[in-house]
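Asks: File input25.pdb below, PDB, C-alpha atoms, pLDDT in the B column:
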```pdb
ATOM      1  CA  MET A   1      16.483 -23.990   8.447  1.00 41.00           C
ATOM      2  CA  ALA A   2      13.146 -22.662   7.162  1.00 45.00           C
ATOM      3  CA  LYS A   3      13.154 -21.101   3.713  1.00 48.00           C
ATOM      4  CA  GLN A   4      12.917 -17.303   3.864  1.00 63.00           C
ATOM      5  CA  ASN A   5       9.614 -15.883   2.631  1.00 83.00           C
ATOM      6  CA  LYS A   6      10.073 -13.573  -0.376  1.00 91.00           C
ATOM      7  CA  LYS A   7       8.447 -10.718   1.489  1.00 95.00           C
ATOM      8  CA  GLU A   8      10.920 -11.055   4.350  1.00 96.00           C
ATOM      9  CA  LYS A   9      13.743 -10.044   2.020  1.00 96.00           C
ATOM     10  CA  TYR A  10      12.388  -6.472   2.149  1.00 98.00           C
ATOM     11  CA  ASP A  11      12.371  -3.917   4.926  1.00 98.00           C
ATOM     12  CA  PRO A  12       8.740  -4.025   6.191  1.00 97.00           C
ATOM     13  CA  ARG A  13       8.380  -0.270   5.711  1.00 97.00           C
ATOM     14  CA  VAL A  14       8.141  -0.698   1.920  1.00 98.00           C
ATOM     15  CA  TYR A  15       4.735  -2.285   2.536  1.00 97.00           C
ATOM     16  CA  ARG A  16       3.514   0.869   4.280  1.00 96.00           C
ATOM     17  CA  GLY A  17       3.939   3.208   1.323  1.00 98.00           C
ATOM     18  CA  ILE A  18       6.840   4.393  -0.870  1.00 98.00           C
ATOM     19  CA  CYS A  19       7.150   8.149  -1.455  1.00 98.00           C
ATOM     20  CA  HIS A  20       7.466   8.761  -5.196  1.00 98.00           C
ATOM     21  CA  ARG A  21      10.555  10.959  -5.797  1.00 98.00           C
ATOM     22  CA  GLY A  22      10.552  11.765  -2.078  1.00 98.00           C
ATOM     23  CA  LEU A  23       7.810  13.436  -0.071  1.00 98.00           C
ATOM     24  CA  HIS A  24       7.292  16.412  -2.395  1.00 98.00           C
ATOM     25  CA  GLY A  25       4.558  18.975  -3.047  1.00 96.00           C
ATOM     26  CA  ASP A  26       3.537  22.154  -1.207  1.00 94.00           C
ATOM     27  CA  GLY A  27       6.565  23.998  -2.571  1.00 96.00           C
ATOM     28  CA  VAL A  28       9.001  21.089  -2.179  1.00 98.00           C
ATOM     29  CA  THR A  29      10.416  19.917  -5.520  1.00 98.00           C
ATOM     30  CA  GLU A  30      10.548  16.216  -6.363  1.00 98.00           C
ATOM     31  CA  ASN A  31      13.860  14.340  -6.157  1.00 98.00           C
ATOM     32  CA  GLY A  32      15.473  16.970  -3.954  1.00 98.00           C
ATOM     33  CA  LEU A  33      17.211  16.603  -0.604  1.00 98.00           C
ATOM     34  CA  LEU A  34      14.358  18.402   1.144  1.00 98.00           C
ATOM     35  CA  ALA A  35      11.816  15.946  -0.283  1.00 98.00           C
ATOM     36  CA  PHE A  36      13.949  13.024   0.852  1.00 98.00           C
ATOM     37  CA  LYS A  37      14.448  14.505   4.316  1.00 98.00           C
ATOM     38  CA  LYS A  38      10.664  14.838   4.700  1.00 98.00           C
ATOM     39  CA  ALA A  39      10.249  11.141   3.844  1.00 98.00           C
ATOM     40  CA  ILE A  40      12.964  10.185   6.334  1.00 98.00           C
ATOM     41  CA  ASP A  41      11.381  12.360   9.040  1.00 98.00           C
ATOM     42  CA  ASN A  42       8.108  10.479   8.471  1.00 98.00           C
ATOM     43  CA  ASP A  43       9.918   7.110   8.590  1.00 98.00           C
ATOM     44  CA  MET A  44       8.791   6.299   5.057  1.00 98.00           C
ATOM     45  CA  ALA A  45      10.587   4.549   2.221  1.00 98.00           C
ATOM     46  CA  PHE A  46      11.183   6.718  -0.816  1.00 99.00           C
ATOM     47  CA  GLU A  47      11.882   6.279  -4.523  1.00 99.00           C
ATOM     48  CA  LEU A  48      14.351   8.251  -6.644  1.00 99.00           C
ATOM     49  CA  ASP A  49      15.824   8.234 -10.153  1.00 98.00           C
ATOM     50  CA  VAL A  50      19.509   8.219 -11.095  1.00 98.00           C
ATOM     51  CA  HIS A  51      21.216   9.386 -14.303  1.00 98.00           C
ATOM     52  CA  LEU A  52      24.867   9.230 -15.334  1.00 98.00           C
ATOM     53  CA  THR A  53      26.500  12.552 -16.187  1.00 98.00           C
ATOM     54  CA  LYS A  54      28.938  13.119 -19.038  1.00 98.00           C
ATOM     55  CA  ASP A  55      31.819  12.700 -16.587  1.00 98.00           C
ATOM     56  CA  GLY A  56      30.450   9.551 -14.948  1.00 98.00           C
ATOM     57  CA  LYS A  57      28.729  10.954 -11.840  1.00 98.00           C
ATOM     58  CA  LEU A  58      25.311   9.871 -10.585  1.00 98.00           C
ATOM     59  CA  ILE A  59      22.719  12.631 -10.463  1.00 98.00           C
ATOM     60  CA  VAL A  60      19.224  12.301  -8.998  1.00 98.00           C
ATOM     61  CA  CYS A  61      16.495  13.514 -11.354  1.00 98.00           C
ATOM     62  CA  HIS A  62      13.524  11.897 -13.082  1.00 98.00           C
ATOM     63  CA  ASP A  63      13.786  13.398 -16.566  1.00 98.00           C
ATOM     64  CA  ASP A  64      16.794  13.347 -18.888  1.00 98.00           C
ATOM     65  CA  ASP A  65      16.192  17.083 -19.303  1.00 98.00           C
ATOM     66  CA  LEU A  66      16.542  19.326 -16.251  1.00 98.00           C
ATOM     67  CA  LYS A  67      14.016  21.836 -17.621  1.00 98.00           C
ATOM     68  CA  ARG A  68      10.885  20.700 -15.757  1.00 98.00           C
ATOM     69  CA  THR A  69      12.395  20.668 -12.259  1.00 98.00           C
ATOM     70  CA  THR A  70      14.856  23.554 -12.598  1.00 98.00           C
ATOM     71  CA  GLY A  71      13.363  25.825 -15.278  1.00 98.00           C
ATOM     72  CA  LYS A  72      16.605  25.578 -17.265  1.00 98.00           C
ATOM     73  CA  ALA A  73      17.098  23.147 -20.161  1.00 98.00           C
ATOM     74  CA  GLY A  74      19.968  20.674 -20.233  1.00 98.00           C
ATOM     75  CA  ILE A  75      20.318  16.926 -20.851  1.00 98.00           C
ATOM     76  CA  ILE A  76      22.026  15.362 -17.832  1.00 98.00           C
ATOM     77  CA  GLU A  77      24.005  12.835 -19.861  1.00 98.00           C
ATOM     78  CA  ASP A  78      25.451  15.684 -21.984  1.00 98.00           C
ATOM     79  CA  LEU A  79      26.534  17.759 -18.968  1.00 98.00           C
ATOM     80  CA  THR A  80      29.381  17.469 -16.476  1.00 98.00           C
ATOM     81  CA  LEU A  81      28.870  17.610 -12.726  1.00 98.00           C
ATOM     82  CA  GLU A  82      30.428  21.081 -12.689  1.00 98.00           C
ATOM     83  CA  GLU A  83      27.883  22.287 -15.242  1.00 98.00           C
ATOM     84  CA  ILE A  84      24.944  20.751 -13.363  1.00 98.00           C
ATOM     85  CA  ALA A  85      26.115  22.492 -10.182  1.00 97.00           C
ATOM     86  CA  GLN A  86      24.933  25.744 -11.801  1.00 97.00           C
ATOM     87  CA  TYR A  87      21.326  24.491 -11.800  1.00 98.00           C
ATOM     88  CA  ARG A  88      18.860  24.820  -8.925  1.00 98.00           C
ATOM     89  CA  LEU A  89      15.571  23.044  -8.332  1.00 98.00           C
ATOM     90  CA  LEU A  90      12.438  25.182  -8.316  1.00 98.00           C
ATOM     91  CA  ASP A  91      12.441  25.247  -4.492  1.00 97.00           C
ATOM     92  CA  GLY A  92      16.034  26.560  -4.470  1.00 97.00           C
ATOM     93  CA  GLU A  93      17.637  23.237  -3.515  1.00 96.00           C
ATOM     94  CA  LYS A  94      20.557  21.870  -5.516  1.00 96.00           C
ATOM     95  CA  VAL A  95      20.178  18.990  -7.958  1.00 98.00           C
ATOM     96  CA  PRO A  96      21.529  16.237  -5.701  1.00 98.00           C
ATOM     97  CA  LEU A  97      24.183  13.662  -6.291  1.00 98.00           C
ATOM     98  CA  PHE A  98      23.111  10.093  -5.515  1.00 99.00           C
ATOM     99  CA  GLN A  99      25.897   9.944  -2.932  1.00 98.00           C
ATOM    100  CA  GLU A 100      24.460  12.997  -1.165  1.00 98.00           C
ATOM    101  CA  VAL A 101      21.140  11.197  -0.782  1.00 98.00           C
ATOM    102  CA  LEU A 102      22.849   8.086   0.588  1.00 98.00           C
ATOM    103  CA  ASP A 103      24.797  10.267   3.038  1.00 98.00           C
ATOM    104  CA  LEU A 104      21.606  12.030   4.103  1.00 98.00           C
ATOM    105  CA  ASN A 105      19.700   8.815   4.671  1.00 98.00           C
ATOM    106  CA  GLN A 106      22.416   6.778   6.400  1.00 98.00           C
ATOM    107  CA  GLU A 107      20.282   3.651   5.789  1.00 98.00           C
ATOM    108  CA  ARG A 108      17.558   5.017   8.078  1.00 98.00           C
ATOM    109  CA  VAL A 109      14.731   4.212   5.638  1.00 98.00           C
ATOM    110  CA  PRO A 110      14.604   2.051   2.492  1.00 98.00           C
ATOM    111  CA  ILE A 111      15.412   3.697  -0.844  1.00 99.00           C
ATOM    112  CA  VAL A 112      13.999   2.433  -4.138  1.00 99.00           C
ATOM    113  CA  VAL A 113      16.543   3.361  -6.812  1.00 98.00           C
ATOM    114  CA  GLU A 114      15.417   3.616 -10.424  1.00 98.00           C
ATOM    115  CA  LEU A 115      18.182   3.298 -13.017  1.00 98.00           C
ATOM    116  CA  LYS A 116      17.338   5.714 -15.837  1.00 98.00           C
ATOM    117  CA  VAL A 117      18.946   4.352 -18.980  1.00 98.00           C
ATOM    118  CA  HIS A 118      19.773   6.972 -21.646  1.00 98.00           C
ATOM    119  CA  GLU A 119      20.654   5.951 -25.208  1.00 97.00           C
ATOM    120  CA  GLY A 120      21.698   2.457 -24.182  1.00 97.00           C
ATOM    121  CA  ASN A 121      24.083   3.403 -21.366  1.00 98.00           C
ATOM    122  CA  TYR A 122      22.815   0.658 -19.051  1.00 98.00           C
ATOM    123  CA  LYS A 123      26.262  -0.905 -18.522  1.00 97.00           C
ATOM    124  CA  PRO A 124      28.163   2.178 -17.237  1.00 98.00           C
ATOM    125  CA  LEU A 125      25.063   3.296 -15.328  1.00 98.00           C
ATOM    126  CA  ARG A 126      24.696  -0.070 -13.628  1.00 98.00           C
ATOM    127  CA  LYS A 127      28.416  -0.159 -12.808  1.00 97.00           C
ATOM    128  CA  ALA A 128      28.320   3.312 -11.242  1.00 98.00           C
ATOM    129  CA  VAL A 129      25.251   2.507  -9.152  1.00 98.00           C
ATOM    130  CA  MET A 130      26.709  -0.732  -7.816  1.00 98.00           C
ATOM    131  CA  LYS A 131      29.973   1.047  -6.980  1.00 98.00           C
ATOM    132  CA  ALA A 132      28.071   3.681  -5.003  1.00 98.00           C
ATOM    133  CA  LEU A 133      26.188   0.963  -3.106  1.00 98.00           C
ATOM    134  CA  GLU A 134      29.259  -1.043  -2.077  1.00 98.00           C
ATOM    135  CA  PRO A 135      29.396   0.533   1.437  1.00 98.00           C
ATOM    136  CA  ILE A 136      25.740  -0.289   2.186  1.00 98.00           C
ATOM    137  CA  LYS A 137      25.571  -2.570   5.219  1.00 98.00           C
ATOM    138  CA  ASP A 138      21.897  -3.540   5.196  1.00 98.00           C
ATOM    139  CA  PRO A 139      20.803  -4.937   1.799  1.00 98.00           C
ATOM    140  CA  LYS A 140      17.154  -4.417   2.781  1.00 98.00           C
ATOM    141  CA  SER A 141      17.736  -0.657   2.715  1.00 98.00           C
ATOM    142  CA  ILE A 142      18.023  -0.637  -1.107  1.00 98.00           C
ATOM    143  CA  VAL A 143      15.702  -1.854  -3.870  1.00 98.00           C
ATOM    144  CA  LEU A 144      16.766  -1.524  -7.528  1.00 98.00           C
ATOM    145  CA  ILE A 145      14.253  -0.915 -10.334  1.00 98.00           C
ATOM    146  CA  SER A 146      14.338  -0.071 -14.040  1.00 98.00           C
ATOM    147  CA  PHE A 147      12.186  -0.095 -17.174  1.00 98.00           C
ATOM    148  CA  ASP A 148      15.187  -1.453 -19.090  1.00 97.00           C
ATOM    149  CA  PRO A 149      15.486  -5.206 -18.329  1.00 95.00           C
ATOM    150  CA  ARG A 150      19.208  -5.095 -19.167  1.00 96.00           C
ATOM    151  CA  ALA A 151      20.007  -2.575 -16.428  1.00 97.00           C
ATOM    152  CA  LEU A 152      19.125  -5.042 -13.665  1.00 97.00           C
ATOM    153  CA  LEU A 153      20.877  -8.110 -15.056  1.00 93.00           C
ATOM    154  CA  GLY A 154      24.340  -9.156 -13.986  1.00 87.00           C
ATOM    155  CA  ILE A 155      24.301  -7.313 -10.655  1.00 91.00           C
ATOM    156  CA  GLY A 156      23.976 -10.300  -8.351  1.00 90.00           C
ATOM    157  CA  LYS A 157      21.348 -10.874  -5.681  1.00 91.00           C
ATOM    158  CA  ARG A 158      22.535  -8.627  -2.875  1.00 96.00           C
ATOM    159  CA  PHE A 159      19.670  -6.198  -3.425  1.00 98.00           C
ATOM    160  CA  GLN A 160      16.113  -6.917  -4.527  1.00 98.00           C
ATOM    161  CA  ARG A 161      15.546  -6.170  -8.224  1.00 98.00           C
ATOM    162  CA  GLN A 162      12.168  -5.157  -9.637  1.00 98.00           C
ATOM    163  CA  LEU A 163      11.240  -4.749 -13.299  1.00 98.00           C
ATOM    164  CA  LEU A 164       9.212  -1.633 -14.096  1.00 98.00           C
ATOM    165  CA  ILE A 165       6.428  -2.271 -16.593  1.00 98.00           C
ATOM    166  CA  VAL A 166       4.254   0.373 -18.252  1.00 98.00           C
ATOM    167  CA  LYS A 167       0.968  -0.464 -19.978  1.00 97.00           C
ATOM    168  CA  GLU A 168       2.240   0.750 -23.374  1.00 97.00           C
ATOM    169  CA  HIS A 169       5.188  -1.714 -23.182  1.00 96.00           C
ATOM    170  CA  GLU A 170       3.301  -4.561 -21.547  1.00 95.00           C
ATOM    171  CA  TRP A 171       5.345  -7.060 -23.552  1.00 96.00           C
ATOM    172  CA  THR A 172       8.172  -6.724 -21.004  1.00 96.00           C
ATOM    173  CA  TRP A 173       5.917  -8.672 -18.585  1.00 97.00           C
ATOM    174  CA  LYS A 174       7.375 -11.823 -20.150  1.00 97.00           C
ATOM    175  CA  PHE A 175      10.715 -11.049 -18.435  1.00 97.00           C
ATOM    176  CA  ARG A 176       9.172 -11.036 -14.921  1.00 97.00           C
ATOM    177  CA  GLY A 177      10.729 -14.366 -13.970  1.00 96.00           C
ATOM    178  CA  LEU A 178      14.237 -12.913 -14.187  1.00 96.00           C
ATOM    179  CA  TYR A 179      13.618 -10.520 -11.280  1.00 97.00           C
ATOM    180  CA  ASP A 180      12.574 -10.613  -7.633  1.00 97.00           C
ATOM    181  CA  ALA A 181       9.373  -8.633  -8.194  1.00 98.00           C
ATOM    182  CA  VAL A 182       7.562  -6.355 -10.641  1.00 98.00           C
ATOM    183  CA  ASP A 183       6.678  -2.643 -10.496  1.00 98.00           C
ATOM    184  CA  LEU A 184       3.444  -2.168 -12.395  1.00 98.00           C
ATOM    185  CA  ASP A 185       1.582   0.684 -14.002  1.00 98.00           C
ATOM    186  CA  SER A 186      -1.638   0.960 -11.964  1.00 98.00           C
ATOM    187  CA  ARG A 187      -3.682   0.295 -15.121  1.00 97.00           C
ATOM    188  CA  MET A 188      -2.333  -3.284 -15.118  1.00 97.00           C
ATOM    189  CA  VAL A 189      -2.500  -4.250 -11.474  1.00 97.00           C
ATOM    190  CA  ALA A 190      -6.012  -5.810 -11.419  1.00 97.00           C
ATOM    191  CA  SER A 191      -5.483  -7.995 -14.492  1.00 97.00           C
ATOM    192  CA  LYS A 192      -5.948 -11.776 -14.313  1.00 97.00           C
ATOM    193  CA  ALA A 193      -2.272 -12.327 -15.126  1.00 97.00           C
ATOM    194  CA  VAL A 194      -1.121 -10.166 -12.212  1.00 98.00           C
ATOM    195  CA  ILE A 195      -3.591 -11.744  -9.788  1.00 98.00           C
ATOM    196  CA  LYS A 196      -2.297 -15.196 -10.813  1.00 98.00           C
ATOM    197  CA  TYR A 197       1.321 -14.005 -10.431  1.00 98.00           C
ATOM    198  CA  ARG A 198       0.642 -12.907  -6.833  1.00 97.00           C
ATOM    199  CA  LYS A 199      -1.205 -16.121  -5.973  1.00 97.00           C
ATOM    200  CA  LYS A 200       1.924 -18.020  -6.975  1.00 96.00           C
ATOM    201  CA  GLY A 201       4.006 -15.900  -4.601  1.00 96.00           C
ATOM    202  CA  GLY A 202       5.035 -13.051  -6.879  1.00 97.00           C
ATOM    203  CA  ILE A 203       5.489  -9.611  -5.340  1.00 98.00           C
ATOM    204  CA  VAL A 204       3.902  -6.552  -6.948  1.00 98.00           C
ATOM    205  CA  ASN A 205       4.488  -2.838  -6.480  1.00 98.00           C
ATOM    206  CA  VAL A 206       1.995  -0.482  -8.109  1.00 98.00           C
ATOM    207  CA  TRP A 207       2.683   3.102  -9.264  1.00 98.00           C
ATOM    208  CA  THR A 208       1.956   5.983  -9.094  1.00 98.00           C
ATOM    209  CA  ILE A 209      -1.051   6.491  -6.827  1.00 98.00           C
ATOM    210  CA  ASP A 210      -1.936  10.122  -6.094  1.00 98.00           C
ATOM    211  CA  SER A 211      -5.287  10.047  -4.278  1.00 98.00           C
ATOM    212  CA  LEU A 212      -6.699   8.297  -1.244  1.00 97.00           C
ATOM    213  CA  SER A 213      -9.625   6.927  -3.245  1.00 97.00           C
ATOM    214  CA  ARG A 214      -7.279   5.331  -5.785  1.00 98.00           C
ATOM    215  CA  LEU A 215      -5.114   3.946  -2.979  1.00 98.00           C
ATOM    216  CA  ASN A 216      -8.148   2.184  -1.548  1.00 97.00           C
ATOM    217  CA  GLU A 217      -8.926   0.755  -4.990  1.00 97.00           C
ATOM    218  CA  VAL A 218      -5.493  -0.772  -5.644  1.00 97.00           C
ATOM    219  CA  LYS A 219      -4.269  -1.772  -2.195  1.00 97.00           C
ATOM    220  CA  GLU A 220      -5.713  -5.288  -2.367  1.00 96.00           C
ATOM    221  CA  TYR A 221      -4.032  -5.983  -5.706  1.00 98.00           C
ATOM    222  CA  ALA A 222      -0.466  -5.060  -4.710  1.00 98.00           C
ATOM    223  CA  ASP A 223       2.041  -5.712  -1.955  1.00 98.00           C
ATOM    224  CA  MET A 224       3.671  -2.276  -2.220  1.00 98.00           C
ATOM    225  CA  VAL A 225       2.335   1.085  -3.354  1.00 98.00           C
ATOM    226  CA  THR A 226       4.389   3.978  -4.728  1.00 98.00           C
ATOM    227  CA  LEU A 227       2.446   7.189  -4.152  1.00 98.00           C
ATOM    228  CA  GLN A 228       2.480  10.955  -4.026  1.00 98.00           C
ATOM    229  CA  PHE A 229       0.341  13.879  -2.856  1.00 98.00           C
ATOM    230  CA  ILE A 230      -1.280  11.837  -0.055  1.00 98.00           C
ATOM    231  CA  LYS A 231      -0.619  12.766   3.577  1.00 97.00           C
ATOM    232  CA  PRO A 232       1.737  10.298   5.328  1.00 97.00           C
ATOM    233  CA  GLU A 233      -0.713   9.710   8.168  1.00 96.00           C
ATOM    234  CA  GLU A 234      -3.461   8.809   5.666  1.00 97.00           C
ATOM    235  CA  VAL A 235      -1.118   6.458   3.820  1.00 97.00           C
ATOM    236  CA  LYS A 236      -0.070   4.654   6.984  1.00 93.00           C
ATOM    237  CA  LYS A 237      -3.642   4.333   8.227  1.00 95.00           C
ATOM    238  CA  THR A 238      -4.862   2.973   4.881  1.00 96.00           C
ATOM    239  CA  LEU A 239      -2.013   0.474   4.458  1.00 95.00           C
ATOM    240  CA  GLU A 240      -1.754  -0.558   8.120  1.00 86.00           C
ATOM    241  CA  GLY A 241      -1.534  -4.320   8.443  1.00 65.00           C
ATOM    242  CA  LYS A 242      -0.739  -5.047   4.781  1.00 58.00           C
TER     243      LYS A 242
END
```
Please go through the file and, once you have read it, give me the structure as C-alpha cells.
Replies:
Amino acid sequence: MAKQNKKEKYDPRVYRGICHRGLHGDGVTENGLLAFKKAIDNDMAFELDVHLTKDGKLIVCHDDDLKRTTGKAGIIEDLTLEEIAQYRLLDGEKVPLFQEVLDLNQERVPIVVELKVHEGNYKPLRKAVMKALEPIKDPKSIVLISFDPRALLGIGKRFQRQLLIVKEHEWTWKFRGLYDAVDLDSRMVASKAVIKYRKKGGIVNVWTIDSLSRLNEVKEYADMVTLQFIKPEEVKKTLEGK
C-alpha cells in the first residue's frame, strides 16, 4: 500500500482558503454563527477560537475579554455560561457555544479550531475540546491549532495538529517537528528556514492575509492561507490549483 501524502490527510478545501473567524465583515461580527454560516454557504473552510468558561463550557471567541466583540467587558474564563448568555455580539447574534457551531456545520466544511489557553488551563481546555469532537465522523473535517505547544500534545493523531507561531515568539519554531504542520505569522513565511521546511515536505499555513495583493505575494510560500476581508470568489480564483 502506497504511503499517504501528508497533504492528503487534509480536506482539499483547506488549500482554497480558510476564513479567519468565519466569513465576517460588512456588519457580520467575527466568530458568530452568521459568519460561520456565510463560510459554509460559500463552501469554504473556516477558523474559530475556543475558550473554557468558569463552569467548563466551550465558548467561541477570539479574545479572553468579550469587550471588543460585544461592547461589554468580561473575561470568559471568569464567567459561567449563564452569565455569558446575557452578552450579544455587535451584530445582535449570541456568543456561540462550540457545540452550536459543530451542530450548524454538520461536517459540511472543514473547521480549524484554535485552542485559546488562559493562565495555563491547557489541560482542561484540551480535554473539553476532545470530548466535544468525539462524535466527529470525518477526521479531515477538523484541524487543531494553538500557540501553546502543550495544548496540542497528548491528543493522539486522529486530527491534524498545527503549531501557531508568531514572529515575536519565533523560538517556538524549534517545536515544529512535534506537529503535523505549522501556522505561521505572514512576516515569517518567506524565510529560508520555512522554504527549507516545505522542500522537505513540511506543510505551512500562513495568517492572516487581508488583501488580494498580499494574498498574491504569499501564496507561493504556503500550502494554506487563512484570510479575511477578501471576497470568496477572488480567493478561490487566486488559489485555484494550489
Asks: Would you write out, as a list in words, every residue that the PyMOL selection byres ((chain A and resi 30) around 10) captures in this file?
Replies: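 So the PyMOL selection byres ((chain A and resi 30) around 10), applied here, picks out His20, Arg21, Gly22, Leu23, His24, Gly25, Gly27, Val28, Thr29, Asn31, Gly32, Leu33, Leu34, Ala35, Phe36, Leu48, Val60, Cys61, His62, Thr69, Leu89, Leu90, Asp91 and Gln228 of chain A.
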Asks: So what does the PyMOL selection byres ((chain A and resi 100-105) around 8) actually pick up in this one, as a PDB file with C-alpha atoms, in the frame of the given file?
Replies:
```pdb
ATOM      1  CA  LEU A  33      17.211  16.603  -0.604  1.00 98.00           C
ATOM      2  CA  PHE A  36      13.949  13.024   0.852  1.00 98.00           C
ATOM      3  CA  LYS A  37      14.448  14.505   4.316  1.00 98.00           C
ATOM      4  CA  ILE A  40      12.964  10.185   6.334  1.00 98.00           C
ATOM      5  CA  PRO A  96      21.529  16.237  -5.701  1.00 98.00           C
ATOM      6  CA  LEU A  97      24.183  13.662  -6.291  1.00 98.00           C
ATOM      7  CA  PHE A  98      23.111  10.093  -5.515  1.00 99.00           C
ATOM      8  CA  GLN A  99      25.897   9.944  -2.932  1.00 98.00           C
ATOM      9  CA  GLN A 106      22.416   6.778   6.400  1.00 98.00           C
ATOM     10  CA  GLU A 107      20.282   3.651   5.789  1.00 98.00           C
ATOM     11  CA  ARG A 108      17.558   5.017   8.078  1.00 98.00           C
ATOM     12  CA  VAL A 109      14.731   4.212   5.638  1.00 98.00           C
TER      13      VAL A 109
END
```
Asks: When you count all atoms listed in the file, which of these residues is closest to A:Lys236: A:Cys19, A:Glu217, A:Arg158, A:Lys6?
Replies: A:Cys19
Asks: Which residues are near stretch 125-131 of chain A? Cut-off 10 Å, all atoms listed in the file, ignore same chain within fewer than 3 positions. Put them as a VMD selection string.
Replies: chain A and resid 50 to 53 56 to 58 98 to 99 113 to 118 120 to 122 134 to 135 144 150 to 156 159
Asks: To one decimal place, how far is atom CA of A:Val206 from atom CA of A:Lys140 in Å?
Replies: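 Atom CA of A:Val206 sits 19.1 Å away from atom CA of A:Lys140.
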Asks: Which value, in Å to one decimal, gives the distance between atom CA of A:Leu184 and atom CA of A:Asp210?
Replies: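 Pair atom CA of A:Leu184 / atom CA of A:Asp210 returns 14.8 Å.
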Asks: Excluding A:Arg13 and any residue of its chain fewer than 3 positions from it, enumerate the residues within 7 Å of it, using only C-alpha atoms, and give them as a list in words.
Replies: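 Answer for this query is Arg16, Met44 and Ala45 of chain A.
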Asks: Using only C-alpha atoms, give me every residue within 10 Å of (-5.0, -5.6, -9.6) in file coordinates, as JSON, numbers by chain.
Replies: {"A": [184, 186, 187, 188, 189, 190, 191, 192, 193, 194, 195, 198, 204, 206, 217, 218, 219, 220, 221, 222]}
Asks: Find the residue from A:Phe46, A:Ile136, A:Asn5, A:Lys167 that sits nearest to A:Leu227; use all atoms listed in the file when measuring.
Replies: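 Counting all atoms listed in the file, the residue closest to A:Leu227 is A:Phe46.
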Asks: Kindly compute an axis-aligned box around the listed atoms of stretch 180-187 of chain A, allowing 8 Å on each side, and express its centre and edge lengths in Å to one decimal as lines of an AutoDock Vina configuration file.
Replies:
```
center_x = 4.4
center_y = -4.8
center_z = -11.4
size_x = 32.3
size_y = 27.6
size_z = 23.5
```
Asks: Could you jot down the atom CA of A:Glu47 to atom CA of A:Ile111 separation for me, Å, one decimal place?
Replies: 5.7 Å
Asks: Given the choices A:Pro110, A:Asp55, A:Leu66, A:Trp173, which gets closest to A:Lys94 if the distance is worked out from all atoms listed in the file?
Replies: A:Leu66
Asks: Neighbouring residues of A:Arg161 were defined as those with any atom within 6 Å, considering all atoms listed in the file; residues of the same chain fewer than 2 positions away were excluded. Please report them as number ranges by chain.
Replies: A: 144-145, 179-180
Asks: To test your reading of the syntax: which residues would the PyMOL selection byres ((chain A and resi 75) around 6) return for the file shown? Reply as a ChimeraX atom specification.
Replies: /A:64-65,74,76-78
Asks: Compile the contact shell of A:Val235 as a PDB file with C-alpha atoms, in the coordinates of the input: residues with an atom at most 9 Å away, counting all atoms listed in the file, same-chain residues fewer than 4 positions apart removed.
Replies:
```
ATOM      1  CA  ARG A  16       3.514   0.869   4.280  1.00 96.00           C
ATOM      2  CA  GLY A  17       3.939   3.208   1.323  1.00 98.00           C
ATOM      3  CA  LEU A 212      -6.699   8.297  -1.244  1.00 97.00           C
ATOM      4  CA  LEU A 215      -5.114   3.946  -2.979  1.00 98.00           C
ATOM      5  CA  LEU A 227       2.446   7.189  -4.152  1.00 98.00           C
ATOM      6  CA  ILE A 230      -1.280  11.837  -0.055  1.00 98.00           C
ATOM      7  CA  LYS A 231      -0.619  12.766   3.577  1.00 97.00           C
ATOM      8  CA  LEU A 239      -2.013   0.474   4.458  1.00 95.00           C
ATOM      9  CA  GLU A 240      -1.754  -0.558   8.120  1.00 86.00           C
TER      10      GLU A 240
END
```
Asks: Pick out the closest residue to A:Val112 from this set: A:Asp11, A:Glu83, A:Asp63, A:Asp185. Count only C-alpha atoms.
Replies: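 That would be A:Asp11, the residue with the smallest distance to A:Val112.
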